[in-house]
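Reproduced below: upload30.pdb, with PDB, C-alpha atoms and all ligand atoms.
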ATOM      1  CA  MET M   1       0.000   0.000   0.000  1.00  0.00           C
ATOM      2  CA  ALA M   2       1.552   3.257  -1.085  1.00  0.00           C
ATOM      3  CA  PHE M   3      -0.178   6.595  -1.359  1.00  0.00           C
ATOM      4  CA  ASN M   4       1.239   8.564  -4.278  1.00  0.00           C
ATOM      5  CA  PRO M   5      -0.119  12.091  -4.933  1.00  0.00           C
ATOM      6  CA  ASP M   6       1.930  12.440  -8.150  1.00  0.00           C
ATOM      7  CA  ILE M   7       0.580  11.419 -11.562  1.00  0.00           C
ATOM      8  CA  HIS M   8       1.042   7.673 -12.187  1.00  0.00           C
ATOM      9  CA  PHE M   9      -0.796   4.637 -13.495  1.00  0.00           C
ATOM     10  CA  ALA M  10      -3.021   2.700 -11.119  1.00  0.00           C
ATOM     11  CA  SER M  11      -1.679  -0.472  -9.610  1.00  0.00           C
ATOM     12  CA  ALA M  12      -2.995  -3.048  -7.168  1.00  0.00           C
ATOM     13  CA  ASP M  13      -1.250  -1.108  -4.407  1.00  0.00           C
ATOM     14  CA  CYS M  14      -3.340   2.021  -4.748  1.00  0.00           C
ATOM     15  CA  GLN M  15      -6.670   0.849  -6.238  1.00  0.00           C
ATOM     16  CA  GLN M  16      -8.612   1.948  -3.188  1.00  0.00           C
ATOM     17  CA  TRP M  17      -7.660   5.610  -3.506  1.00  0.00           C
ATOM     18  CA  HIS M  18      -6.584   5.961  -7.146  1.00  0.00           C
ATOM     19  CA  CYS M  19      -8.503   8.537  -9.206  1.00  0.00           C
ATOM     20  CA  THR M  20      -8.578   7.488 -12.869  1.00  0.00           C
ATOM     21  CA  ILE M  21      -9.549  11.009 -13.987  1.00  0.00           C
ATOM     22  CA  HIS M  22      -6.490  12.684 -12.492  1.00  0.00           C
ATOM     23  CA  GLN M  23      -4.265   9.548 -12.416  1.00  0.00           C
ATOM     24  CA  ARG M  24      -3.110  10.074  -8.885  1.00  0.00           C
ATOM     25  CA  ASP M  25      -4.051   8.967  -5.415  1.00  0.00           C
ATOM     26  CA  GLU M  26      -6.526  11.103  -3.538  1.00  0.00           C
ATOM     27  CA  PRO M  27      -7.664  11.234   0.097  1.00  0.00           C
ATOM     28  CA  THR M  28     -10.368   8.810   1.158  1.00  0.00           C
ATOM     29  CA  GLU M  29     -11.895  11.380   3.519  1.00  0.00           C
ATOM     30  CA  GLY M  30     -13.923  14.148   1.944  1.00  0.00           C
ATOM     31  CA  TYR M  31     -17.353  15.294   0.863  1.00  0.00           C
ATOM     32  CA  ARG M  32     -18.128  12.695  -1.810  1.00  0.00           C
ATOM     33  CA  LEU M  33     -16.234   9.861  -3.431  1.00  0.00           C
ATOM     34  CA  CYS M  34     -17.081   8.656  -6.926  1.00  0.00           C
ATOM     35  CA  ALA M  35     -17.076   4.862  -6.929  1.00  0.00           C
ATOM     36  CA  GLU M  36     -16.447   4.768 -10.674  1.00  0.00           C
ATOM     37  CA  CYS M  37     -13.453   7.036 -11.308  1.00  0.00           C
ATOM     38  CA  GLY M  38     -12.307   7.230  -7.685  1.00  0.00           C
ATOM     39  CA  HIS M  39     -12.312  11.018  -7.579  1.00  0.00           C
ATOM     40  CA  MET M  40     -12.727  12.524  -4.131  1.00  0.00           C
ATOM     41  CA  PHE M  41     -14.650  15.792  -3.983  1.00  0.00           C
ATOM     42  CA  GLY M  42     -13.147  17.225  -0.839  1.00  0.00           C
ATOM     43  CA  THR M  43     -15.828  19.859  -0.255  1.00  0.00           C
ATOM     44  CA  PRO M  44     -19.360  20.652  -1.509  1.00  0.00           C
ATOM     45  CA  GLU M  45     -17.851  23.763  -3.139  1.00  0.00           C
ATOM     46  CA  GLU M  46     -15.527  21.624  -5.244  1.00  0.00           C
ATOM     47  CA  LEU M  47     -18.447  19.491  -6.441  1.00  0.00           C
ATOM     48  CA  ILE M  48     -20.475  22.602  -7.359  1.00  0.00           C
ATOM     49  CA  ALA M  49     -17.511  24.256  -9.100  1.00  0.00           C
ATOM     50  CA  GLU M  50     -16.531  21.171 -11.099  1.00  0.00           C
ATOM     51  CA  THR M  51     -20.134  20.493 -12.126  1.00  0.00           C
ATOM     52  CA  PHE M  52     -20.512  24.110 -13.224  1.00  0.00           C
ATOM     53  CA  ARG M  53     -17.206  24.114 -15.101  1.00  0.00           C
ATOM     54  CA  LEU M  54     -17.924  20.883 -16.988  1.00  0.00           C
ATOM     55  CA  ASP M  55     -21.540  21.921 -17.700  1.00  0.00           C
ATOM     56  CA  THR M  56     -20.096  25.111 -19.217  1.00  0.00           C
ATOM     57  CA  VAL M  57     -17.781  23.071 -21.461  1.00  0.00           C
ATOM     58  CA  ALA M  58     -20.679  20.815 -22.505  1.00  0.00           C
ATOM     59  CA  TYR M  59     -22.815  23.859 -23.322  1.00  0.00           C
ATOM     60  CA  ILE M  60     -20.087  25.603 -25.334  1.00  0.00           C
ATOM     61  CA  GLU M  61     -19.293  22.388 -27.206  1.00  0.00           C
ATOM     62  CA  GLY M  62     -22.975  21.865 -27.950  1.00  0.00           C
ATOM     63  CA  TRP M  63     -23.343  18.547 -26.104  1.00  0.00           C
ATOM     64  CA  THR M  64     -26.247  19.955 -24.132  1.00  0.00           C
ATOM     65  CA  LYS M  65     -28.748  22.745 -24.646  1.00  0.00           C
ATOM     66  CA  ASN M  66     -29.051  23.396 -20.908  1.00  0.00           C
ATOM     67  CA  PRO M  67     -27.089  26.464 -19.858  1.00  0.00           C
ATOM     68  CA  PRO M  68     -24.860  25.858 -16.838  1.00  0.00           C
ATOM     69  CA  ARG M  69     -26.130  26.936 -13.434  1.00  0.00           C
ATOM     70  CA  GLU M  70     -24.930  26.560  -9.905  1.00  0.00           C
ATOM     71  CA  GLN M  71     -26.585  23.609  -8.246  1.00  0.00           C
ATOM     72  CA  ASP M  72     -27.284  22.464  -4.727  1.00  0.00           C
ATOM     73  CA  PRO M  73     -24.563  19.901  -3.984  1.00  0.00           C
ATOM     74  CA  GLU M  74     -27.139  17.650  -2.293  1.00  0.00           C
ATOM     75  CA  LYS M  75     -29.017  17.487  -5.609  1.00  0.00           C
ATOM     76  CA  ILE M  76     -26.010  16.581  -7.730  1.00  0.00           C
ATOM     77  CA  HIS M  77     -26.356  12.855  -8.188  1.00  0.00           C
ATOM     78  CA  ALA M  78     -23.733  12.153 -10.819  1.00  0.00           C
ATOM     79  CA  CYS M  79     -19.985  12.644 -10.884  1.00  0.00           C
ATOM     80  CA  PRO M  80     -19.228  15.580 -13.223  1.00  0.00           C
ATOM     81  CA  HIS M  81     -15.983  13.888 -14.311  1.00  0.00           C
ATOM     82  CA  CYS M  82     -17.276  10.500 -15.448  1.00  0.00           C
ATOM     83  CA  THR M  83     -21.077  11.045 -15.280  1.00  0.00           C
ATOM     84  CA  HIS M  84     -21.435   7.921 -13.126  1.00  0.00           C
ATOM     85  CA  ASP M  85     -24.110   8.050 -10.398  1.00  0.00           C
ATOM     86  CA  PHE M  86     -22.798   8.524  -6.878  1.00  0.00           C
TER      87      PHE M  86
HETATM   88 ZN    ZN P   1      -2.572   5.333  -7.729  1.00  0.00          ZN
HETATM   89 ZN    ZN P   2     -16.443   9.850 -11.321  1.00  0.00          ZN
HETATM   90 ZN    ZN P   3      -9.489  13.125  -9.136  1.00  0.00          ZN
END
Translate this structure into structure tokens?
Ligand SMILES: [Zn+2]
Ligand SMILES: [Zn+2]
Ligand SMILES: [Zn+2]
Amino acid sequence: MAFNPDIHFASADCQQWHCTIHQRDEPTEGYRLCAECGHMFGTPEELIAETFRLDTVAYIEGWTKNPPREQDPEKIHACPHCTHDF
């Protein structure tokens, strides 16, 4: 078991805390953990900001017609990175 905050490929040693979006190990304590990509949203603010940022990209790129808006973190039910349900 080795916690490695630098960018690296996942291995059996770090599966439990490896984030496949950022390719690094992240804390296991935080606001919400995505079971799919392993990303830890440390605070509700991070979840709101990342959802807003990626919704903005999707809107600009034309993947969605819904303009981005700030959302209640308790009502965000999917990981903005991998779109997997929490
Ligand atoms: Zn890792
Ligand atoms: Zn995810
Ligand atoms: Zn991550």
Atomic distance CA of Gly62 (chain M) - CA of Leu47 (chain M), expressed in Å with one decimal
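According to the coordinates, CA of Gly62 (chain M) and CA of Leu47 (chain M) are separated by 22.1 Å.
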Could you give me, as a Markdown table, every chain M residue with an atom at most 7 Å from ligand ZN 1 (chain P), plus its closest atom pair and distance in Å to one decimal, counting all atoms listed in the file, rows ordered by chain then number?
| residue | atom | partner | partner_atom | distance |
| --- | --- | --- | --- | --- |
| M:Phe3 | CA | P:ZN1 | ZN | 6.9 |
| M:Asn4 | CA | P:ZN1 | ZN | 6.1 |
| M:His8 | CA | P:ZN1 | ZN | 6.2 |
| M:Phe9 | CA | P:ZN1 | ZN | 6.1 |
| M:Ala10 | CA | P:ZN1 | ZN | 4.3 |
| M:Ser11 | CA | P:ZN1 | ZN | 6.2 |
| M:Cys14 | CA | P:ZN1 | ZN | 4.5 |
| M:Gln15 | CA | P:ZN1 | ZN | 6.3 |
| M:Trp17 | CA | P:ZN1 | ZN | 6.6 |
| M:His18 | CA | P:ZN1 | ZN | 4.1 |
| M:Cys19 | CA | P:ZN1 | ZN | 6.9 |
| M:Gln23 | CA | P:ZN1 | ZN | 6.5 |
| M:Arg24 | CA | P:ZN1 | ZN | 4.9 |
| M:Asp25 | CA | P:ZN1 | ZN | 4.6 |
Given the PyMOL selection byres (((chain M and resi 34) around 10) and not hetatm), the residues it picks as a list in words:
Cys19, Arg32, Leu33, Ala35, Glu36, Cys37, Gly38, His39, Met40, Phe41, Ala78, Cys79, Pro80, His81, Cys82, Thr83, His84, Asp85 and Phe86 of chain M
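Taking CA of Pro5 (chain M) as the reference point, atom ZN of ligand ZN 2 (chain P) is found at 17.7 Å.
Closest to ligand ZN 3 (chain P) among M:Ala49, M:Val57, M:Ile21, M:Ile76 is M:Ile21, based on only C-alpha atoms and all ligand atoms.
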Report the distance between CA of Pro44 (chain M) and CA of Gln71 (chain M) in Å, rounded to one decimal place.
10.3 Å
Excluding same-chain residues fewer than 2 positions from Pro68 (chain M), what lies within 12 Å of it counting all atoms listed in the file, as a ChimeraX atom specification?
/M:48-60,62-66,70-71
Would you write out those residues with C-alpha atoms, as a PDB file, keeping the file's coordinate frame?
ATOM      1  CA  ILE M  48     -20.475  22.602  -7.359  1.00  0.00           C
ATOM      2  CA  ALA M  49     -17.511  24.256  -9.100  1.00  0.00           C
ATOM      3  CA  GLU M  50     -16.531  21.171 -11.099  1.00  0.00           C
ATOM      4  CA  THR M  51     -20.134  20.493 -12.126  1.00  0.00           C
ATOM      5  CA  PHE M  52     -20.512  24.110 -13.224  1.00  0.00           C
ATOM      6  CA  ARG M  53     -17.206  24.114 -15.101  1.00  0.00           C
ATOM      7  CA  LEU M  54     -17.924  20.883 -16.988  1.00  0.00           C
ATOM      8  CA  ASP M  55     -21.540  21.921 -17.700  1.00  0.00           C
ATOM      9  CA  THR M  56     -20.096  25.111 -19.217  1.00  0.00           C
ATOM     10  CA  VAL M  57     -17.781  23.071 -21.461  1.00  0.00           C
ATOM     11  CA  ALA M  58     -20.679  20.815 -22.505  1.00  0.00           C
ATOM     12  CA  TYR M  59     -22.815  23.859 -23.322  1.00  0.00           C
ATOM     13  CA  ILE M  60     -20.087  25.603 -25.334  1.00  0.00           C
ATOM     14  CA  GLY M  62     -22.975  21.865 -27.950  1.00  0.00           C
ATOM     15  CA  TRP M  63     -23.343  18.547 -26.104  1.00  0.00           C
ATOM     16  CA  THR M  64     -26.247  19.955 -24.132  1.00  0.00           C
ATOM     17  CA  LYS M  65     -28.748  22.745 -24.646  1.00  0.00           C
ATOM     18  CA  ASN M  66     -29.051  23.396 -20.908  1.00  0.00           C
ATOM     19  CA  GLU M  70     -24.930  26.560  -9.905  1.00  0.00           C
ATOM     20  CA  GLN M  71     -26.585  23.609  -8.246  1.00  0.00           C
TER      21      GLN M  71
END
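Distance check against ligand ZN 2 (chain P) using all atoms listed in the file: of M:Ala12, M:Ile7, M:His22, M:Gly30, the minimum falls on M:His22.
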To box region 16-22 of chain M, take all atoms listed in the file, fit an axis-aligned box, add 4 Å on each side, and give centre and edge lengths in Å to one decimal, as AutoDock Vina command-line options.
--center_x -8.0 --center_y 7.3 --center_z -8.6 --size_x 11.1 --size_y 18.7 --size_z 18.8
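When all atoms listed in the file are used to compute distances to ligand ZN 2 (chain P), the closest of the residues M:Thr28, M:Glu61, M:Thr20, M:Glu45 turns out to be M:Thr20.
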Considering only C-alpha atoms and all ligand atoms, can you say which of M:Glu26, M:Tyr31, M:Ala2, M:Glu74 comes closest to ligand ZN 3 (chain P)?
M:Glu26
Kindly write C-alpha atoms of chain M from the structure just given to a file, as a short mmCIF file (atom, residue, chain, number, x, y, z; two decimals), in the first residue's frame.
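Below is the file selection14.cif, written as the result:
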data_model
loop_
_atom_site.label_atom_id
_atom_site.label_comp_id
_atom_site.auth_asym_id
_atom_site.auth_seq_id
_atom_site.Cartn_x
_atom_site.Cartn_y
_atom_site.Cartn_z
CA MET M 1 0.00 0.00 0.00
CA ALA M 2 1.55 3.26 -1.09
CA PHE M 3 -0.18 6.59 -1.36
CA ASN M 4 1.24 8.56 -4.28
CA PRO M 5 -0.12 12.09 -4.93
CA ASP M 6 1.93 12.44 -8.15
CA ILE M 7 0.58 11.42 -11.56
CA HIS M 8 1.04 7.67 -12.19
CA PHE M 9 -0.80 4.64 -13.50
CA ALA M 10 -3.02 2.70 -11.12
CA SER M 11 -1.68 -0.47 -9.61
CA ALA M 12 -2.99 -3.05 -7.17
CA ASP M 13 -1.25 -1.11 -4.41
CA CYS M 14 -3.34 2.02 -4.75
CA GLN M 15 -6.67 0.85 -6.24
CA GLN M 16 -8.61 1.95 -3.19
CA TRP M 17 -7.66 5.61 -3.51
CA HIS M 18 -6.58 5.96 -7.15
CA CYS M 19 -8.50 8.54 -9.21
CA THR M 20 -8.58 7.49 -12.87
CA ILE M 21 -9.55 11.01 -13.99
CA HIS M 22 -6.49 12.68 -12.49
CA GLN M 23 -4.26 9.55 -12.42
CA ARG M 24 -3.11 10.07 -8.88
CA ASP M 25 -4.05 8.97 -5.42
CA GLU M 26 -6.53 11.10 -3.54
CA PRO M 27 -7.66 11.23 0.10
CA THR M 28 -10.37 8.81 1.16
CA GLU M 29 -11.89 11.38 3.52
CA GLY M 30 -13.92 14.15 1.94
CA TYR M 31 -17.35 15.29 0.86
CA ARG M 32 -18.13 12.69 -1.81
CA LEU M 33 -16.23 9.86 -3.43
CA CYS M 34 -17.08 8.66 -6.93
CA ALA M 35 -17.08 4.86 -6.93
CA GLU M 36 -16.45 4.77 -10.67
CA CYS M 37 -13.45 7.04 -11.31
CA GLY M 38 -12.31 7.23 -7.68
CA HIS M 39 -12.31 11.02 -7.58
CA MET M 40 -12.73 12.52 -4.13
CA PHE M 41 -14.65 15.79 -3.98
CA GLY M 42 -13.15 17.22 -0.84
CA THR M 43 -15.83 19.86 -0.26
CA PRO M 44 -19.36 20.65 -1.51
CA GLU M 45 -17.85 23.76 -3.14
CA GLU M 46 -15.53 21.62 -5.24
CA LEU M 47 -18.45 19.49 -6.44
CA ILE M 48 -20.48 22.60 -7.36
CA ALA M 49 -17.51 24.26 -9.10
CA GLU M 50 -16.53 21.17 -11.10
CA THR M 51 -20.13 20.49 -12.13
CA PHE M 52 -20.51 24.11 -13.22
CA ARG M 53 -17.21 24.11 -15.10
CA LEU M 54 -17.92 20.88 -16.99
CA ASP M 55 -21.54 21.92 -17.70
CA THR M 56 -20.10 25.11 -19.22
CA VAL M 57 -17.78 23.07 -21.46
CA ALA M 58 -20.68 20.82 -22.51
CA TYR M 59 -22.82 23.86 -23.32
CA ILE M 60 -20.09 25.60 -25.33
CA GLU M 61 -19.29 22.39 -27.21
CA GLY M 62 -22.98 21.86 -27.95
CA TRP M 63 -23.34 18.55 -26.10
CA THR M 64 -26.25 19.96 -24.13
CA LYS M 65 -28.75 22.74 -24.65
CA ASN M 66 -29.05 23.40 -20.91
CA PRO M 67 -27.09 26.46 -19.86
CA PRO M 68 -24.86 25.86 -16.84
CA ARG M 69 -26.13 26.94 -13.43
CA GLU M 70 -24.93 26.56 -9.90
CA GLN M 71 -26.58 23.61 -8.25
CA ASP M 72 -27.28 22.46 -4.73
CA PRO M 73 -24.56 19.90 -3.98
CA GLU M 74 -27.14 17.65 -2.29
CA LYS M 75 -29.02 17.49 -5.61
CA ILE M 76 -26.01 16.58 -7.73
CA HIS M 77 -26.36 12.86 -8.19
CA ALA M 78 -23.73 12.15 -10.82
CA CYS M 79 -19.99 12.64 -10.88
CA PRO M 80 -19.23 15.58 -13.22
CA HIS M 81 -15.98 13.89 -14.31
CA CYS M 82 -17.28 10.50 -15.45
CA THR M 83 -21.08 11.04 -15.28
CA HIS M 84 -21.44 7.92 -13.13
CA ASP M 85 -24.11 8.05 -10.40
CA PHE M 86 -22.80 8.52 -6.88
#
